[in-house]
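Student: Next comes query.csv, CSV, C-alpha atoms and all ligand atoms:
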```
chain,number,residue,atom,x,y,z
N,276,MET,CA,22.9,-23.2,16.0
N,277,ASN,CA,24.7,-22.8,19.4
N,278,ASN,CA,23.6,-20.7,22.3
N,279,THR,CA,26.1,-17.9,21.6
N,280,MET,CA,24.9,-17.6,18.0
N,281,GLU,CA,21.2,-17.6,19.2
N,282,VAL,CA,22.0,-14.7,21.6
N,283,ILE,CA,23.8,-12.7,18.8
N,284,LEU,CA,20.9,-13.2,16.4
N,285,ILE,CA,18.2,-12.3,19.0
N,286,ASN,CA,20.2,-9.1,20.0
N,287,THR,CA,20.5,-8.1,16.3
N,288,ALA,CA,16.8,-8.6,15.7
N,289,HIS,CA,15.9,-6.4,18.7
N,290,ALA,CA,18.5,-3.8,17.6
N,291,LEU,CA,16.7,-3.7,14.2
N,292,MET,CA,13.5,-3.0,16.0
N,293,ALA,CA,15.0,-0.3,18.3
N,294,ASP,CA,12.6,2.2,19.7
N,295,GLY,CA,11.8,5.0,17.2
N,296,LYS,CA,13.7,3.5,14.4
N,297,GLY,CA,13.0,1.5,11.3
N,298,LEU,CA,14.7,0.0,8.2
N,299,LEU,CA,15.8,1.6,5.0
N,300,ALA,CA,15.3,-0.8,2.1
N,301,MET,CA,17.8,0.2,-0.6
N,302,ASP,CA,18.1,-3.2,-2.2
N,303,GLU,CA,16.5,-2.6,-5.6
N,304,SER,CA,18.0,-4.9,-8.2
N,305,SER,CA,19.9,-3.1,-11.0
N,306,PRO,CA,17.0,-3.4,-13.5
N,307,THR,CA,14.6,-1.9,-10.9
N,308,CYS,CA,17.0,0.9,-9.9
N,309,ASN,CA,17.6,1.6,-13.6
N,310,LYS,CA,13.9,1.9,-14.3
N,311,ARG,CA,13.6,4.6,-11.6
N,312,PHE,CA,16.8,6.4,-12.9
N,313,ALA,CA,15.3,6.4,-16.4
N,314,ILE,CA,12.4,8.5,-15.2
N,315,TYR,CA,14.8,11.4,-14.4
N,316,ASP,CA,17.3,10.7,-17.2
N,317,ILE,CA,19.9,9.6,-14.7
N,318,PRO,CA,22.6,7.5,-16.5
N,319,GLN,CA,21.9,3.8,-15.7
N,320,THR,CA,25.5,2.9,-14.8
N,321,PRO,CA,27.1,1.1,-11.8
N,322,GLU,CA,28.9,4.4,-10.9
N,323,LYS,CA,25.6,6.4,-10.7
N,324,ARG,CA,24.0,3.6,-8.7
N,325,ARG,CA,27.0,3.8,-6.4
N,326,ASP,CA,26.7,7.6,-6.1
N,327,TYR,CA,23.1,7.4,-5.3
N,328,ARG,CA,23.5,4.7,-2.6
N,329,GLU,CA,26.5,6.6,-1.2
N,330,LEU,CA,24.2,9.7,-0.9
N,331,LEU,CA,21.8,7.5,1.2
N,332,VAL,CA,24.2,5.9,3.6
N,333,THR,CA,26.2,9.1,4.2
N,334,ALA,CA,23.2,11.3,5.1
N,335,PRO,CA,24.4,12.9,8.4
N,336,GLY,CA,22.5,11.7,11.4
N,337,LEU,CA,20.5,9.0,9.6
N,338,ALA,CA,21.1,6.5,12.4
N,339,GLU,CA,18.7,8.6,14.6
N,340,TYR,CA,15.8,7.2,12.6
N,341,ILE,CA,17.2,4.2,10.8
N,342,SER,CA,18.3,1.0,12.6
N,343,GLY,CA,19.3,-1.1,9.5
N,344,ALA,CA,19.8,-0.7,5.8
N,345,ILE,CA,19.2,-3.5,3.3
N,346,LEU,CA,21.8,-3.4,0.5
N,347,TYR,CA,21.8,-5.0,-2.9
N,348,GLU,CA,24.7,-7.3,-3.7
N,349,GLU,CA,26.2,-4.8,-6.2
N,350,THR,CA,26.5,-2.2,-3.5
N,351,VAL,CA,28.3,-4.6,-1.1
N,352,ARG,CA,30.9,-5.2,-3.8
N,353,GLN,CA,31.4,-1.5,-4.6
N,354,LEU,CA,33.5,1.1,-2.7
N,355,THR,CA,32.3,4.6,-1.9
N,356,SER,CA,34.0,7.6,-3.7
N,357,LYS,CA,36.3,7.8,-0.6
N,358,GLY,CA,37.3,4.1,-1.2
N,359,GLU,CA,35.4,2.7,1.8
N,360,GLN,CA,33.2,-0.4,1.9
N,361,PHE,CA,29.5,0.4,2.3
N,362,VAL,CA,29.3,-2.1,5.1
N,363,ASP,CA,32.0,-0.2,7.1
N,364,VAL,CA,30.3,3.2,6.4
N,365,LEU,CA,27.0,1.9,7.8
N,366,GLU,CA,28.6,0.3,10.9
N,367,LYS,CA,30.5,3.5,11.6
N,368,ALA,CA,27.3,5.4,11.3
N,369,GLY,CA,25.6,3.1,13.8
N,370,ILE,CA,23.3,1.4,11.2
N,371,ILE,CA,23.2,-2.4,10.9
N,372,PRO,CA,24.1,-3.6,7.3
N,373,GLY,CA,21.9,-6.2,5.7
N,374,ILE,CA,21.5,-7.7,2.2
N,375,LYS,CA,18.8,-8.9,-0.1
N,376,VAL,CA,19.7,-12.5,-1.0
N,377,ASP,CA,16.9,-13.8,-3.2
N,378,THR,CA,17.6,-13.6,-6.9
N,379,GLY,CA,14.1,-12.4,-7.9
N,380,THR,CA,10.9,-14.0,-9.2
N,381,VAL,CA,10.0,-16.1,-12.2
N,382,ASP,CA,6.8,-17.6,-13.4
N,383,LEU,CA,5.6,-20.5,-11.3
N,384,VAL,CA,5.3,-23.3,-13.9
N,385,ASN,CA,1.7,-24.6,-14.4
N,386,PHE,CA,0.2,-21.7,-12.4
N,387,PRO,CA,-0.6,-18.8,-14.8
N,388,GLY,CA,-0.3,-15.4,-13.2
N,389,GLU,CA,1.7,-16.6,-10.2
N,390,LYS,CA,5.4,-16.3,-9.3
N,391,ILE,CA,8.0,-18.2,-7.3
N,392,THR,CA,11.1,-16.5,-5.8
N,393,GLU,CA,14.5,-18.1,-6.6
N,394,GLY,CA,17.8,-18.1,-4.9
N,395,LEU,CA,18.1,-21.2,-2.7
N,396,ASP,CA,20.7,-22.9,-4.9
N,397,GLY,CA,24.1,-22.0,-3.6
N,398,LEU,CA,22.6,-19.8,-0.8
N,399,ARG,CA,24.4,-21.6,2.0
N,400,ALA,CA,27.9,-20.6,0.6
N,401,ARG,CA,26.7,-17.0,-0.3
N,402,LEU,CA,25.4,-16.4,3.2
N,403,ILE,CA,28.7,-17.5,4.8
N,404,ASP,CA,30.5,-15.1,2.4
N,405,PHE,CA,28.1,-12.3,3.3
N,406,ALA,CA,28.4,-12.9,7.1
N,407,SER,CA,32.2,-12.7,6.7
N,408,SER,CA,31.8,-9.4,4.9
N,409,GLY,CA,30.2,-8.0,8.0
N,410,LEU,CA,26.5,-8.2,7.0
N,411,ARG,CA,24.3,-9.0,9.9
N,412,PHE,CA,20.9,-9.7,8.4
N,413,ALA,CA,19.3,-10.7,5.1
N,414,LYS,CA,16.1,-10.4,3.2
N,415,TRP,CA,14.0,-12.6,0.9
N,416,ARG,CA,10.7,-11.6,-0.7
N,417,GLY,CA,7.9,-13.8,-1.9
N,418,VAL,CA,5.1,-12.3,-3.9
N,419,PHE,CA,1.4,-13.1,-4.2
N,420,SER,CA,-1.0,-11.6,-6.6
N,421,ILE,CA,-4.8,-11.5,-5.9
N,422,GLY,CA,-7.0,-12.3,-8.9
N,423,GLU,CA,-9.5,-14.8,-10.3
N,424,GLY,CA,-8.6,-18.1,-8.4
N,425,ILE,CA,-5.2,-16.8,-7.2
N,426,PRO,CA,-3.2,-17.1,-5.2
N,427,THR,CA,-3.5,-20.8,-5.2
N,428,ASP,CA,-2.6,-22.9,-2.2
N,429,GLU,CA,0.2,-24.4,-4.2
N,430,CYS,CA,1.8,-21.0,-4.9
N,431,ILE,CA,1.5,-20.0,-1.2
N,432,GLU,CA,3.0,-23.3,-0.1
N,433,ALA,CA,5.9,-23.2,-2.5
N,434,ASN,CA,6.8,-19.6,-1.6
N,435,THR,CA,6.4,-19.9,2.1
N,436,GLN,CA,8.5,-23.1,2.1
N,437,SER,CA,11.2,-21.2,0.3
N,438,LEU,CA,11.0,-18.4,2.8
N,439,ALA,CA,11.3,-20.9,5.7
N,440,ARG,CA,14.3,-22.7,4.1
N,441,TYR,CA,16.0,-19.4,3.5
N,442,ALA,CA,15.3,-18.3,7.1
N,443,ALA,CA,16.8,-21.6,8.4
N,444,LEU,CA,20.0,-21.1,6.3
N,445,CYS,CA,20.3,-17.5,7.4
N,446,GLN,CA,20.2,-18.4,11.1
N,447,GLN,CA,22.7,-21.1,10.6
N,448,ALA,CA,25.1,-18.6,8.9
N,449,GLY,CA,24.6,-16.0,11.7
N,450,LEU,CA,22.3,-13.6,9.8
N,451,VAL,CA,18.9,-12.5,11.0
N,452,PRO,CA,16.4,-13.4,8.3
N,453,ILE,CA,13.9,-10.7,7.3
N,454,VAL,CA,11.0,-12.8,6.0
N,455,GLU,CA,9.0,-10.9,3.5
N,456,PRO,CA,5.7,-12.3,2.1
N,457,GLU,CA,4.2,-9.5,0.0
N,458,VAL,CA,0.6,-9.6,-1.1
N,459,LEU,CA,0.7,-7.2,-4.0
N,460,MET,CA,-1.5,-4.1,-4.3
N,461,GLU,CA,-2.2,-4.4,-8.0
N,462,GLY,CA,-5.8,-5.2,-8.8
N,463,ASN,CA,-9.3,-4.3,-7.9
N,464,HIS,CA,-9.7,-6.6,-4.9
N,465,SER,CA,-11.4,-5.4,-1.7
N,466,LEU,CA,-9.9,-4.8,1.8
N,467,ASP,CA,-11.6,-8.0,2.9
N,468,GLU,CA,-10.1,-10.0,0.1
N,469,CYS,CA,-6.6,-8.7,0.9
N,470,SER,CA,-7.2,-9.6,4.5
N,471,GLU,CA,-8.3,-13.1,3.6
N,472,VAL,CA,-5.3,-13.7,1.3
N,473,THR,CA,-2.8,-12.1,3.8
N,474,GLU,CA,-4.1,-14.4,6.5
N,475,ARG,CA,-3.7,-17.5,4.3
N,476,VAL,CA,-0.2,-16.5,3.4
N,477,LEU,CA,0.9,-15.7,7.0
N,478,LYS,CA,-0.6,-18.9,8.5
N,479,SER,CA,1.2,-20.9,5.9
N,480,LEU,CA,4.4,-19.0,6.5
N,481,PHE,CA,4.5,-19.6,10.2
N,482,TYR,CA,3.6,-23.3,9.7
N,483,GLN,CA,6.5,-23.6,7.3
N,484,LEU,CA,8.9,-21.7,9.7
N,485,TYR,CA,7.8,-24.2,12.4
N,486,LYS,CA,8.4,-27.2,10.1
N,487,GLN,CA,11.9,-25.9,9.2
N,488,ARG,CA,12.7,-25.4,12.9
N,489,VAL,CA,13.4,-21.7,12.5
N,490,LEU,CA,13.9,-19.8,15.7
N,491,LEU,CA,11.0,-17.3,15.8
N,492,GLU,CA,12.8,-15.1,18.3
N,493,ALA,CA,15.5,-14.4,15.8
N,494,LEU,CA,13.7,-13.2,12.7
N,495,ILE,CA,11.8,-10.1,11.6
N,496,LEU,CA,8.5,-10.3,9.7
N,497,LYS,CA,8.2,-7.8,6.8
N,498,PRO,CA,4.6,-8.0,5.6
N,499,ASN,CA,2.3,-5.9,3.5
N,500,MET,CA,-0.3,-3.8,5.2
N,501,VAL,CA,-3.9,-5.0,4.6
N,502,LEU,CA,-5.2,-2.6,2.0
N,503,PRO,CA,-7.8,-2.6,-0.9
N,504,GLY,CA,-6.3,-3.1,-4.3
N,505,LEU,CA,-5.0,0.0,-6.2
N,506,ASP,CA,-8.0,-0.2,-8.6
N,507,CYS,CA,-10.6,-1.0,-6.0
N,508,THR,CA,-13.4,1.7,-6.0
N,509,ASP,CA,-13.9,1.3,-2.3
N,510,GLN,CA,-10.8,2.8,-0.8
N,511,LYS,CA,-10.9,2.7,3.0
N,512,SER,CA,-9.9,5.2,5.7
N,513,VAL,CA,-6.6,5.1,7.5
N,514,VAL,CA,-8.4,3.8,10.6
N,515,GLU,CA,-10.1,1.0,8.7
N,516,THR,CA,-6.9,-0.2,7.0
N,517,ALA,CA,-5.0,0.0,10.3
N,518,ASP,CA,-7.7,-2.0,12.1
N,519,ALA,CA,-7.8,-4.6,9.3
N,520,THR,CA,-4.0,-5.0,9.3
N,521,ILE,CA,-3.8,-5.4,13.1
N,522,GLU,CA,-6.7,-7.9,13.2
N,523,CYS,CA,-5.0,-10.0,10.5
N,524,LEU,CA,-1.6,-9.9,12.2
N,525,LYS,CA,-3.0,-10.8,15.6
N,526,ARG,CA,-4.6,-13.9,14.1
N,527,CYS,CA,-1.4,-15.1,12.4
N,528,VAL,CA,1.9,-13.8,14.0
N,529,PRO,CA,3.2,-15.6,17.1
N,530,ALA,CA,4.1,-13.4,20.1
N,531,ALA,CA,7.7,-14.8,20.0
N,532,VAL,CA,8.5,-12.8,16.9
N,533,PRO,CA,10.6,-9.8,17.9
N,534,GLY,CA,9.1,-7.4,15.4
N,535,VAL,CA,7.1,-6.5,12.3
N,536,ALA,CA,8.5,-4.1,9.8
N,537,PHE,CA,6.1,-3.2,7.0
N,538,LEU,CA,7.0,-2.8,3.3
N,539,SER,CA,5.4,0.2,1.6
N,540,GLY,CA,4.4,-1.7,-1.6
N,541,GLY,CA,3.8,1.3,-3.8
N,542,GLN,CA,1.5,3.2,-1.5
N,543,ASN,CA,1.6,7.0,-1.5
N,544,GLY,CA,4.5,7.8,0.9
N,545,GLU,CA,2.4,10.0,3.3
N,546,LEU,CA,-0.4,7.4,3.5
N,547,ALA,CA,2.1,4.7,4.4
N,548,SER,CA,3.4,6.9,7.2
N,549,GLU,CA,-0.1,7.7,8.4
N,550,ARG,CA,-1.2,4.1,8.4
N,551,LEU,CA,1.8,3.0,10.4
N,552,ASN,CA,1.2,5.9,12.7
N,553,GLN,CA,-2.4,4.9,13.3
N,554,MET,CA,-1.5,1.4,14.1
N,555,ASN,CA,1.1,2.5,16.6
N,556,PHE,CA,-1.1,5.2,18.0
N,557,LYS,CA,-4.1,3.0,18.6
N,558,TYR,CA,-2.5,-0.4,19.4
N,559,ASP,CA,1.0,0.1,20.6
N,560,SER,CA,0.8,-1.2,24.2
N,561,LYS,CA,-1.8,-3.9,23.2
N,562,LEU,CA,0.4,-5.8,20.8
N,563,PRO,CA,3.1,-8.5,21.5
N,564,TRP,CA,5.5,-7.1,18.9
N,565,PRO,CA,6.6,-3.6,17.9
N,566,LEU,CA,5.6,-2.3,14.5
N,567,THR,CA,7.9,-0.3,12.3
N,568,PHE,CA,8.8,0.4,8.7
N,569,SER,CA,11.1,-1.2,6.2
N,570,PHE,CA,10.2,1.1,3.3
N,571,SER,CA,12.0,1.6,0.0
N,572,ARG,CA,9.7,3.7,-2.3
N,573,ALA,CA,7.8,5.5,0.5
N,574,ILE,CA,11.1,6.9,1.7
N,575,GLN,CA,13.3,7.1,-1.3
N,576,LEU,CA,11.2,8.4,-4.2
N,577,PRO,CA,11.2,12.1,-3.1
N,578,VAL,CA,15.0,11.8,-2.6
N,579,LEU,CA,15.6,10.5,-6.1
N,580,GLU,CA,13.2,13.0,-7.6
N,581,TYR,CA,15.2,15.8,-6.1
N,582,TRP,CA,18.6,14.4,-6.7
N,583,LYS,CA,18.1,13.6,-10.4
N,584,GLY,CA,21.8,12.4,-10.6
N,585,ILE,CA,23.1,16.0,-10.2
N,586,PRO,CA,26.1,16.1,-7.7
N,587,GLU,CA,25.1,19.7,-6.6
N,588,ASN,CA,21.7,18.3,-5.4
N,589,THR,CA,23.2,15.7,-3.1
N,590,SER,CA,23.1,17.7,0.2
N,591,GLU,CA,19.5,18.8,-0.2
N,592,ALA,CA,18.5,15.3,-1.3
N,593,GLN,CA,20.0,14.0,1.9
N,594,ASN,CA,17.9,16.5,3.9
N,595,ILE,CA,14.8,15.1,2.1
N,596,LEU,CA,15.9,11.6,3.1
N,597,LEU,CA,16.3,12.7,6.7
N,598,TYR,CA,12.9,14.3,6.7
N,599,LYS,CA,11.2,11.2,5.3
N,600,ALA,CA,13.1,9.0,7.8
N,601,LYS,CA,12.0,11.3,10.6
N,602,CYS,CA,8.4,11.2,9.5
N,603,ASN,CA,8.4,7.4,9.6
N,604,SER,CA,10.3,7.4,12.9
N,605,LEU,CA,7.5,9.5,14.4
N,606,ALA,CA,5.0,7.0,12.9
N,607,ARG,CA,6.9,4.2,14.5
N,608,LYS,CA,6.1,6.0,17.8
N,609,GLY,CA,2.5,6.9,16.9
N,610,GLN,CA,3.5,10.6,16.9
N,611,TYR,CA,3.3,11.4,13.2
N,612,ALA,CA,1.2,14.3,11.9
N,613,MET,CA,1.0,15.0,8.2
N,614,ASP,CA,1.4,18.7,8.5
N,615,PRO,CA,5.2,19.4,8.1
N,616,ALA,CA,4.9,22.4,10.4
N,617,THR,CA,4.4,20.0,13.3
N,618,ILE,CA,7.7,18.3,12.8
N,619,GLU,CA,10.6,20.3,14.2
N,701,LIG,P1,8.7,-0.9,-0.9
N,701,LIG,O1,8.7,-0.2,0.4
N,701,LIG,O2,9.0,0.0,-2.1
N,701,LIG,O3,7.6,-1.8,-1.2
N,701,LIG,O4,10.0,-1.8,-0.9
N,701,LIG,C1,10.2,-2.7,0.2
N,701,LIG,C2,11.0,-3.8,-0.2
N,701,LIG,O5,12.1,-4.0,0.3
N,701,LIG,C3,10.5,-4.7,-1.3
N,701,LIG,O6,11.2,-5.9,-1.3
```
Let me see the file written as structure tokens.

Tutor:
Amino acid sequence: MNNTMEVILINTAHALMADGKGLLAMDESSPTCNKRFAIYDIPQTPEKRRDYRELLVTAPGLAEYISGAILYEETVRQLTSKGEQFVDVLEKAGIIPGIKVDTGTVDLVNFPGEKITEGLDGLRARLIDFASSGLRFAKWRGVFSIGEGIPTDECIEANTQSLARYAALCQQAGLVPIVEPEVLMEGNHSLDECSEVTERVLKSLFYQLYKQRVLLEALILKPNMVLPGLDCTDQKSVVETADATIECLKRCVPAAVPGVAFLSGGQNGELASERLNQMNFKYDSKLPWPLTFSFSRAIQLPVLEYWKGIPENTSEAQNILLYKAKCNSLARKGQYAMDPATIE
């Protein structure tokens, strides 16, 4: 990577972390998007997926709260109803276009209950193609379940090495890598167990990034928050989860990283905003990196629930999207209050 490329990547990473803004993850694979459509009887067709994604990217004024949008490859290949490329629509709106490049997870052979993310084969050529289509950053997600004896060190090493190799390939192709190691919420594990596993994963990840000579100044970390499992009987307060998340990140994430953008992971949307808010409210000036959101479900679910695939609902569904984006923008600044009356 030459110096000019380094500067471009570093500038893009900082632009993604712009003050008061976060990322909109809209990169659900077609099967995942279809599953969400099925709940509302929305036809599971490429055209309806296109319409829905068009609703998201054309919401007026979205760029006030959203710095970048992560697209799915299908969307990049589609045109909007006005015949425009999604990448161009985003750029014109002042939102940086990015793309999910992993091809999903499969069982990790010999390790029951564990997954490995695929997509490295042929990735170099795909990234060159994506960069020439105007995409400026990419995303790859590795997943880790907590359970009896898992995650194993072998699963952690295999996935974090893939994340590091993906990140190196991205930077070489001129794309900022979003590096997403997700410790899943399913299970009855405690807050402490989530903290311990997240720490193992992040320490391994930054070791592998170092080994693969990835430029830390030109990537974004997209981690899970440290939370008790969904079935844990000891659910913790917003303050406790915020403190646990910050403690874990401070132990693991080098100061050179330009930013941390949390996934929502199936949390209740308001709680995700409150937890992000609490972290920014309490720790903002005491951390080496800004903290923001890169949510999919915590932003999108109310939008989809209202839209239901009905064209007449589009405008109001966009208002809901803007409202959710604004809530999280306030949380990014530590100024979010759950009462909607406090948000003008
Ligand atoms: P959620 O916010 O729904 O977890 O999605 C974030 C994401 O991009 C998952 O890869």

Student: Measure the distance from CA of Ile345 (chain N) to CA of Asp302 (chain N) in Å and round it to one decimal.

Tutor: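 Distance reported for this atom pair: 5.6 Å.
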
Student: Taking only C-alpha atoms and all ligand atoms into account, which residues are within 7 Å of ligand LIG 701 (chain N), as JSON, numbers by chain?

Tutor: {"N": [300, 302, 416, 538, 539, 540, 541, 569, 570, 571, 572, 573]}

Student: Between CA of Pro306 (chain N) and CA of Val381 (chain N), what is the spacing in Å?

Tutor: 14.6 Å

Student: Could you check how far CA of Leu337 (chain N) sits from CA of Ala368 (chain N), in Å to one decimal?

Tutor: 7.9 Å

Student: Using all atoms listed in the file, find the one residue out of N:Ile314, N:Ala344, N:Ala530, N:Ile574 that sits nearest to Leu298 (chain N).

Tutor: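 The answer is N:Ala344, which sits nearest to Leu298 (chain N).
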
Student: Taking into account all atoms listed in the file, which residue in the set N:Tyr485, N:Tyr558, N:Phe537, N:Tyr340 is nearest to Asp294 (chain N)?

Tutor: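 Among the listed residues, N:Tyr340 lies closest to Asp294 (chain N).
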
Student: List every protein, DNA or RNA residue that has at least one atom no more than 12 Å from (24.4, 14.6, -10.2) in the file's coordinates, counting only C-alpha atoms, and write the result as a ChimeraX atom specification.

Tutor: /N:312,315-318,322-327,330,579-592

Student: Compile the contact shell of region 515-524 of chain N as a list in words: residues with an atom at most 8 Å away, counting only C-alpha atoms, same-chain residues fewer than 6 positions apart removed.

Tutor: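 Using only C-alpha atoms, the neighbours found are Leu466, Ser470, Thr473, Glu474, Met500, Val501, Leu502, Arg550, Leu551, Gln553 and Met554 of chain N.
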
Student: Restricting the calculation to all atoms listed in the file: of N:Leu505, N:Gln319, N:Arg352, N:Met276, which residue gets closest to His464 (chain N)?

Tutor: N:Leu505

Student: Padding 8 Å on every side, please: axis-aligned box over the listed atoms of region 562-566 of chain N, centre and edge lengths to one decimal in Å, as lines of an AutoDock Vina configuration file.

Tutor:
```
center_x = 3.5
center_y = -5.4
center_z = 18.0
size_x = 22.2
size_y = 22.2
size_z = 23.0
```
